[in-house]
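Undergrad: Contents are mmCIF, C-alpha atoms; file name protein15.cif:
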data_run
loop_
_atom_site.label_atom_id
_atom_site.label_comp_id
_atom_site.auth_asym_id
_atom_site.auth_seq_id
_atom_site.Cartn_x
_atom_site.Cartn_y
_atom_site.Cartn_z
CA MET A 19 53.27 44.99 60.32
CA LYS A 20 51.60 42.89 63.04
CA LYS A 21 49.37 45.86 64.03
CA MET A 22 48.28 46.31 60.40
CA LEU A 23 47.42 42.63 60.20
CA ILE A 24 45.34 42.77 63.38
CA ILE A 25 43.48 45.89 62.18
CA LEU A 26 42.79 44.17 58.85
CA LEU A 27 41.49 41.11 60.70
CA ILE A 28 39.18 43.29 62.82
CA ILE A 29 37.80 44.88 59.66
CA ALA A 30 37.47 41.42 58.08
CA PHE A 31 35.38 40.23 61.03
CA LEU A 32 33.38 43.47 61.20
CA THR A 33 32.10 42.92 57.65
CA PRO A 34 30.27 39.61 58.25
CA ALA A 35 29.12 40.91 61.65
CA ALA A 36 27.58 43.98 60.02
CA ALA A 37 26.08 41.87 57.22
CA TYR A 38 24.64 39.45 59.79
CA ALA A 39 23.20 42.30 61.88
CA GLN A 40 21.64 43.90 58.79
CA ASN A 41 20.24 40.55 57.65
CA SER A 42 18.75 39.84 61.09
CA ASP A 43 17.29 43.35 61.19
CA GLN A 44 15.67 42.98 57.74
CA SER A 45 14.29 39.54 58.58
CA SER A 46 12.76 40.70 61.84
CA SER A 47 11.17 43.74 60.14
CA GLN A 48 9.80 41.54 57.35
CA GLY A 49 8.50 39.06 59.89
CA ASP A 50 10.46 36.26 58.24
CA VAL A 51 13.07 33.95 59.65
CA SER A 52 16.46 34.27 57.93
CA GLY A 53 18.12 31.13 56.57
CA GLY A 54 14.84 29.53 55.58
CA GLU A 55 12.19 27.67 57.53
CA ALA A 56 14.68 25.42 59.30
CA TYR A 57 16.58 28.34 60.85
CA ASN A 58 16.13 28.35 64.61
CA PRO A 59 17.36 31.63 66.04
CA ASP A 60 17.35 30.32 69.60
CA TYR A 61 21.13 29.98 69.73
CA ASN A 62 23.50 32.70 68.64
CA VAL A 63 26.62 30.86 67.46
CA LEU A 64 27.69 33.32 64.78
CA PRO A 65 27.08 36.65 66.60
CA ILE A 66 28.76 35.42 69.79
CA SER A 67 31.76 34.00 67.89
CA LEU A 68 32.23 37.16 65.81
CA ALA A 69 31.86 39.44 68.83
CA LEU A 70 34.39 37.44 70.86
CA ILE A 71 36.91 37.28 68.02
CA MET A 72 36.69 41.05 67.53
CA LEU A 73 37.04 41.69 71.26
CA TYR A 74 40.06 39.40 71.36
CA LEU A 75 41.71 41.13 68.41
CA ILE A 76 41.07 44.54 69.99
CA SER A 77 42.50 43.41 73.34
CA TYR A 78 45.53 41.92 71.57
CA LEU A 79 46.04 45.20 69.71
CA LEU A 80 45.87 47.13 72.99
CA TYR A 81 48.39 44.75 74.59
CA ASP A 82 50.69 44.86 71.54
CA SER A 83 50.57 48.68 71.54
CA LYS A 84 51.49 48.58 75.27
CA ILE A 85 48.27 50.38 76.21
CA ILE A 86 47.41 47.50 78.55
CA ARG A 87 49.93 45.26 80.31
CA LYS A 88 50.33 41.53 79.50
CA VAL A 89 49.05 40.64 82.98
CA ARG A 90 45.80 42.53 82.44
CA TYR A 91 45.36 41.06 78.94
CA LYS A 92 45.84 37.50 80.29
CA GLN A 93 43.64 38.24 83.31
CA VAL A 94 40.64 39.37 81.23
CA TRP A 95 40.62 36.20 79.13
CA SER A 96 41.34 33.94 82.14
CA ILE A 97 38.33 35.40 83.95
CA ALA A 98 36.21 34.96 80.79
CA LEU A 99 37.33 31.32 80.53
CA VAL A 100 36.73 30.46 84.19
CA GLY A 101 33.42 32.34 84.32
CA SER A 102 32.00 30.70 81.19
CA MET A 103 33.33 27.30 82.28
CA LEU A 104 31.69 27.55 85.68
CA ILE A 105 28.31 28.67 84.32
CA SER A 106 28.31 26.21 81.41
CA GLY A 107 29.61 23.39 83.62
CA ILE A 108 27.19 23.95 86.49
CA THR A 109 24.16 24.30 84.19
CA GLY A 110 25.32 21.17 82.35
CA ILE A 111 25.63 19.19 85.56
CA ILE A 112 22.17 20.39 86.66
CA LEU A 113 20.74 19.30 83.30
CA VAL A 114 22.35 15.86 83.72
CA LEU A 115 20.93 15.54 87.24
CA ILE A 116 17.48 16.50 85.93
CA THR A 117 17.74 13.94 83.09
CA ASP A 118 19.39 11.11 85.01
CA TYR A 119 17.80 11.34 88.41
CA GLY A 120 14.62 13.33 87.79
CA VAL A 121 15.77 15.98 90.29
CA ARG A 122 13.55 19.04 90.19
CA PHE A 123 14.87 22.55 90.69
CA ASN A 124 12.69 25.58 91.19
CA LEU A 125 14.34 27.64 88.42
CA ASN A 126 12.77 30.44 86.45
CA PHE A 127 14.97 30.42 83.36
CA ASN A 128 15.83 28.21 80.40
CA LEU A 129 18.85 26.20 81.63
CA LEU A 130 19.62 24.61 78.27
CA PHE A 131 19.64 27.98 76.50
CA TRP A 132 22.18 29.46 78.93
CA HIS A 133 24.24 26.26 78.90
CA VAL A 134 24.52 26.50 75.11
CA GLU A 135 25.23 30.24 75.05
CA THR A 136 27.95 30.08 77.74
CA GLY A 137 29.25 26.90 76.11
CA ILE A 138 29.74 28.77 72.83
CA ILE A 139 31.64 31.47 74.74
CA LEU A 140 33.71 28.78 76.50
CA ALA A 141 34.59 27.03 73.24
CA ILE A 142 35.78 30.24 71.55
CA VAL A 143 37.63 31.58 74.61
CA LEU A 144 39.32 28.16 74.96
CA PHE A 145 41.01 28.73 71.59
CA PHE A 146 42.12 32.18 72.79
CA HIS A 147 43.47 30.56 75.99
CA ILE A 148 45.53 28.12 73.89
CA HIS A 149 46.85 31.05 71.81
CA ILE A 150 47.78 33.10 74.91
CA HIS A 151 49.61 30.17 76.58
CA TRP A 152 50.90 28.62 73.35
CA ASN A 153 54.55 28.37 74.50
CA LYS A 154 53.50 26.53 77.64
CA PHE A 155 51.32 24.17 75.58
CA LYS A 156 54.23 23.45 73.23
CA ARG A 157 56.46 22.66 76.21
CA ILE A 158 53.89 20.42 77.87
CA LEU A 159 53.10 18.51 74.67
CA LYS A 160 56.76 18.01 73.81
CA ALA A 161 57.50 14.33 74.40
CA ASN A 162 60.95 14.81 75.88
CA THR A 163 60.01 17.35 78.59
CA MET B 15 18.83 7.95 78.11
CA SER B 16 21.00 7.72 81.20
CA TYR B 17 24.25 9.63 81.35
CA GLU B 18 25.83 7.75 84.29
CA PHE B 19 26.90 10.90 86.08
CA VAL B 20 28.00 9.21 89.33
CA PRO B 21 30.00 6.27 87.85
CA VAL B 22 31.82 8.51 85.34
CA SER B 23 32.66 11.10 88.02
CA LEU B 24 33.86 8.40 90.41
CA ILE B 25 36.17 6.86 87.78
CA ILE B 26 37.81 10.23 87.08
CA ILE B 27 38.16 11.03 90.78
CA ILE B 28 39.74 7.62 91.44
CA LEU B 29 42.17 8.04 88.51
CA TYR B 30 43.19 11.48 89.78
CA ALA B 31 43.57 10.14 93.32
CA ILE B 32 45.84 7.35 92.02
CA SER B 33 48.09 9.74 90.08
CA TYR B 34 48.17 12.15 93.07
CA LEU B 35 49.12 9.29 95.38
CA LEU B 36 51.88 8.17 92.99
CA TYR B 37 53.24 11.74 92.98
CA LYS B 38 53.08 12.03 96.79
CA GLU B 39 54.87 8.68 97.17
CA ASP B 40 57.63 9.93 94.77
CA VAL B 41 56.82 7.21 92.25
CA ILE B 42 56.24 9.90 89.61
CA ALA B 43 57.49 13.49 89.57
CA GLU B 44 55.11 16.42 90.14
CA ALA B 45 55.83 17.52 86.57
CA MET B 46 54.62 14.16 85.23
CA HIS B 47 51.46 14.26 87.38
CA ALA B 48 50.70 17.80 86.12
CA LYS B 49 51.60 16.87 82.53
CA ILE B 50 49.17 13.89 82.42
CA TRP B 51 46.24 16.05 83.53
CA ASN B 52 47.25 19.07 81.43
CA ILE B 53 47.33 16.96 78.28
CA THR B 54 44.06 15.25 79.24
CA ILE B 55 42.22 18.51 79.81
CA PHE B 56 43.66 19.96 76.59
CA VAL B 57 42.51 17.05 74.43
CA ILE B 58 39.14 16.59 76.13
CA GLY B 59 38.47 20.35 76.10
CA LEU B 60 39.15 20.59 72.38
CA VAL B 61 36.98 17.57 71.55
CA LEU B 62 34.14 18.84 73.76
CA ALA B 63 34.33 22.35 72.30
CA VAL B 64 34.20 21.05 68.72
CA ILE B 65 31.29 18.66 69.44
CA GLY B 66 29.41 21.39 71.32
CA LEU B 67 29.86 23.92 68.53
CA LEU B 68 28.71 21.33 65.96
CA ILE B 69 25.57 20.52 67.96
CA SER B 70 24.68 24.20 68.44
CA ILE B 71 25.28 24.95 64.73
CA PHE B 72 23.09 21.96 63.73
CA ALA B 73 20.38 23.11 66.18
CA GLU B 74 20.52 26.76 65.08
CA TYR B 75 20.27 25.96 61.38
CA GLY B 76 17.74 23.17 61.76
CA MET B 77 20.04 20.48 60.40
CA SER B 78 18.74 17.27 61.87
CA ILE B 79 21.21 14.59 60.98
CA SER B 80 21.34 10.99 62.14
CA VAL B 81 24.40 11.48 64.38
CA ASN B 82 22.80 14.30 66.42
CA ALA B 83 21.66 12.01 69.26
CA LEU B 84 25.07 10.32 69.33
CA LEU B 85 26.85 13.72 69.38
CA VAL B 86 24.66 14.90 72.28
CA PHE B 87 25.30 11.70 74.25
CA TRP B 88 29.07 11.96 73.91
CA HIS B 89 28.98 15.71 74.53
CA VAL B 90 27.28 15.07 77.87
CA GLU B 91 29.60 12.20 78.87
CA ILE B 92 32.77 14.10 77.90
CA GLY B 93 31.32 17.21 79.56
CA ILE B 94 30.97 15.39 82.88
CA VAL B 95 34.60 14.22 82.58
CA LEU B 96 35.83 17.70 81.64
CA PHE B 97 34.01 19.41 84.49
CA ILE B 98 35.63 17.12 87.06
CA ILE B 99 39.06 17.44 85.43
CA ALA B 100 38.67 21.24 85.24
CA LEU B 101 38.21 21.32 89.03
CA PHE B 102 41.43 19.28 89.38
CA HIS B 103 43.15 21.64 86.90
CA ILE B 104 42.24 24.64 89.06
CA HIS B 105 43.52 22.71 92.13
CA LEU B 106 46.82 21.90 90.34
CA HIS B 107 47.38 25.49 89.25
CA TRP B 108 45.77 27.17 92.27
CA ASP B 109 48.60 29.64 92.95
CA ARG B 110 48.73 30.87 89.36
CA PHE B 111 44.93 30.84 89.22
CA LYS B 112 44.73 33.06 92.32
CA LYS B 113 47.36 35.45 90.95
CA ILE B 114 45.84 35.81 87.50
CA THR B 115 42.10 35.50 88.09
CA LEU B 116 41.29 36.60 91.61
CA LYS B 117 43.69 39.55 91.93
CA VAL B 118 41.80 42.31 90.08
#
The structure in this file should be written as structure tokens.

TA:
Amino acid sequence: MKKMLIILLIIAFLTPAAAYAQNSDQSSSQGDVSGGEAYNPDYNVLPISLALIMLYLISYLLYDSKIIRKVRYKQVWSIALVGSMLISGITGIILVLITDYGVRFNLNFNLLFWHVETGIILAIVLFFHIHIHWNKFKRILKANT
Amino acid sequence: MSYEFVPVSLIIIILYAISYLLYKEDVIAEAMHAKIWNITIFVIGLVLAVIGLLISIFAEYGMSISVNALLVFWHVEIGIVLFIIALFHIHLHWDRFKKITLKV
């Protein structure tokens, strides 16, 4: 029953992902920006969120079907969380130093763009982290513990 | 606009040092010391994630609303706090962190 639900969820998330990809493809071929003039495709909130949710559902399905062990399943998402936190955090701190203290770094890439992209990953993976460690969260948040 | 990186970081470091000292002096149990910072990182992480997602959605879809500047300011301030607390969180859970993340 749980496996069926997860497969249905994957299909449910594949549909908007496919629609979004098709829409982006048509817009780029027409030379128009989707979502109207105000749409700024610099940040990829929806594609990143959909991709991560699908990956999470697939990894959960693999763990639930005992194809991968619980340790490996937890490890993948812990590494994703720590990695995205470090990159987003460090780029954020650098941006603050640049803004606050006028510090100049000789960097060849758009810091803010990567801060936002890894921040989106961090935000989504944070919800997965809460789901994976839900029992521990319940215990910690329980007043009488 | 100044984000007060040093004062904010110092306040968090001092607060953590105080709670660590209280735990080392047996005034509070280790569980309580860990619980305070676990709850703090949980709440602050959620708030920061939601604010960050809102800002990026507003930016992506060109929605310029009056609270944007305020959202960005608090996102940066809370982000500084979260980054420092995240380092403490890794320190608190170092053994489990090594076992889960570094052992590939």

Undergrad: Have a look at A:Ser83, A:Ser77, A:Gln93, A:Asn62 and name the one nearest to Lys113 in chain B; count all atoms listed in the file.

TA: A:Gln93

Undergrad: If the PyMOL selection byres ((chain A) within 10 of (chain B)) were run on this exact file, what residues would it hold? Put them as a ChimeraX atom specification.

TA: /A:52-64,89-90,92-101,103-104,106-108,110-111,113-115,117-119,134-135,137-142,144-145,148,155,157-159,163

Undergrad: Write the residues of the preceding selection, restricted to C-alpha atoms, as a PDB file, keeping the file's coordinate frame.

TA:
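result_39.pdb, written as the output of this step:
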ATOM      1  CA  SER A  52      16.460  34.270  57.930  1.00  0.00           C
ATOM      2  CA  GLY A  53      18.120  31.130  56.570  1.00  0.00           C
ATOM      3  CA  GLY A  54      14.840  29.530  55.580  1.00  0.00           C
ATOM      4  CA  GLU A  55      12.190  27.670  57.530  1.00  0.00           C
ATOM      5  CA  ALA A  56      14.680  25.420  59.300  1.00  0.00           C
ATOM      6  CA  TYR A  57      16.580  28.340  60.850  1.00  0.00           C
ATOM      7  CA  ASN A  58      16.130  28.350  64.610  1.00  0.00           C
ATOM      8  CA  PRO A  59      17.360  31.630  66.040  1.00  0.00           C
ATOM      9  CA  ASP A  60      17.350  30.320  69.600  1.00  0.00           C
ATOM     10  CA  TYR A  61      21.130  29.980  69.730  1.00  0.00           C
ATOM     11  CA  ASN A  62      23.500  32.700  68.640  1.00  0.00           C
ATOM     12  CA  VAL A  63      26.620  30.860  67.460  1.00  0.00           C
ATOM     13  CA  LEU A  64      27.690  33.320  64.780  1.00  0.00           C
ATOM     14  CA  VAL A  89      49.050  40.640  82.980  1.00  0.00           C
ATOM     15  CA  ARG A  90      45.800  42.530  82.440  1.00  0.00           C
ATOM     16  CA  LYS A  92      45.840  37.500  80.290  1.00  0.00           C
ATOM     17  CA  GLN A  93      43.640  38.240  83.310  1.00  0.00           C
ATOM     18  CA  VAL A  94      40.640  39.370  81.230  1.00  0.00           C
ATOM     19  CA  TRP A  95      40.620  36.200  79.130  1.00  0.00           C
ATOM     20  CA  SER A  96      41.340  33.940  82.140  1.00  0.00           C
ATOM     21  CA  ILE A  97      38.330  35.400  83.950  1.00  0.00           C
ATOM     22  CA  ALA A  98      36.210  34.960  80.790  1.00  0.00           C
ATOM     23  CA  LEU A  99      37.330  31.320  80.530  1.00  0.00           C
ATOM     24  CA  VAL A 100      36.730  30.460  84.190  1.00  0.00           C
ATOM     25  CA  GLY A 101      33.420  32.340  84.320  1.00  0.00           C
ATOM     26  CA  MET A 103      33.330  27.300  82.280  1.00  0.00           C
ATOM     27  CA  LEU A 104      31.690  27.550  85.680  1.00  0.00           C
ATOM     28  CA  SER A 106      28.310  26.210  81.410  1.00  0.00           C
ATOM     29  CA  GLY A 107      29.610  23.390  83.620  1.00  0.00           C
ATOM     30  CA  ILE A 108      27.190  23.950  86.490  1.00  0.00           C
ATOM     31  CA  GLY A 110      25.320  21.170  82.350  1.00  0.00           C
ATOM     32  CA  ILE A 111      25.630  19.190  85.560  1.00  0.00           C
ATOM     33  CA  LEU A 113      20.740  19.300  83.300  1.00  0.00           C
ATOM     34  CA  VAL A 114      22.350  15.860  83.720  1.00  0.00           C
ATOM     35  CA  LEU A 115      20.930  15.540  87.240  1.00  0.00           C
ATOM     36  CA  THR A 117      17.740  13.940  83.090  1.00  0.00           C
ATOM     37  CA  ASP A 118      19.390  11.110  85.010  1.00  0.00           C
ATOM     38  CA  TYR A 119      17.800  11.340  88.410  1.00  0.00           C
ATOM     39  CA  VAL A 134      24.520  26.500  75.110  1.00  0.00           C
ATOM     40  CA  GLU A 135      25.230  30.240  75.050  1.00  0.00           C
ATOM     41  CA  GLY A 137      29.250  26.900  76.110  1.00  0.00           C
ATOM     42  CA  ILE A 138      29.740  28.770  72.830  1.00  0.00           C
ATOM     43  CA  ILE A 139      31.640  31.470  74.740  1.00  0.00           C
ATOM     44  CA  LEU A 140      33.710  28.780  76.500  1.00  0.00           C
ATOM     45  CA  ALA A 141      34.590  27.030  73.240  1.00  0.00           C
ATOM     46  CA  ILE A 142      35.780  30.240  71.550  1.00  0.00           C
ATOM     47  CA  LEU A 144      39.320  28.160  74.960  1.00  0.00           C
ATOM     48  CA  PHE A 145      41.010  28.730  71.590  1.00  0.00           C
ATOM     49  CA  ILE A 148      45.530  28.120  73.890  1.00  0.00           C
ATOM     50  CA  PHE A 155      51.320  24.170  75.580  1.00  0.00           C
ATOM     51  CA  ARG A 157      56.460  22.660  76.210  1.00  0.00           C
ATOM     52  CA  ILE A 158      53.890  20.420  77.870  1.00  0.00           C
ATOM     53  CA  LEU A 159      53.100  18.510  74.670  1.00  0.00           C
ATOM     54  CA  THR A 163      60.010  17.350  78.590  1.00  0.00           C
TER      55      THR A 163
END

Undergrad: Would you compute the distance between CA of Met22 in chain A and CA of Phe146 in chain A? Give it in Å to one decimal.

TA: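 These atoms are spaced 19.8 Å apart.
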
Undergrad: Suppose you want the space between CA of Leu32 in chain A and CA of His149 in chain A; what is it in Å?

TA: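 These two atoms are separated by 21.2 Å.
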
Undergrad: From the options A:Ile116, A:Ile86, A:Leu75, A:Leu129, which residue's atoms come nearest to Ile24 in chain A, counting only C-alpha atoms?

TA: A:Leu75

Undergrad: Could you work out how far CA of Glu44 in chain B lies from CA of Leu106 in chain B, giving the answer in Å with one decimal?

TA: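 Between CA of Leu106 in chain B and CA of Glu44 in chain B the gap is 9.9 Å.
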
Undergrad: Considering all atoms listed in the file, can you say which of A:Val121, A:Ile28, A:Leu23, A:Ile112 comes closest to Tyr74 in chain A?

TA: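 Checking each of A:Val121, A:Ile28, A:Leu23, A:Ile112 against Tyr74 in chain A, counting all atoms listed in the file, the winner is A:Ile28.
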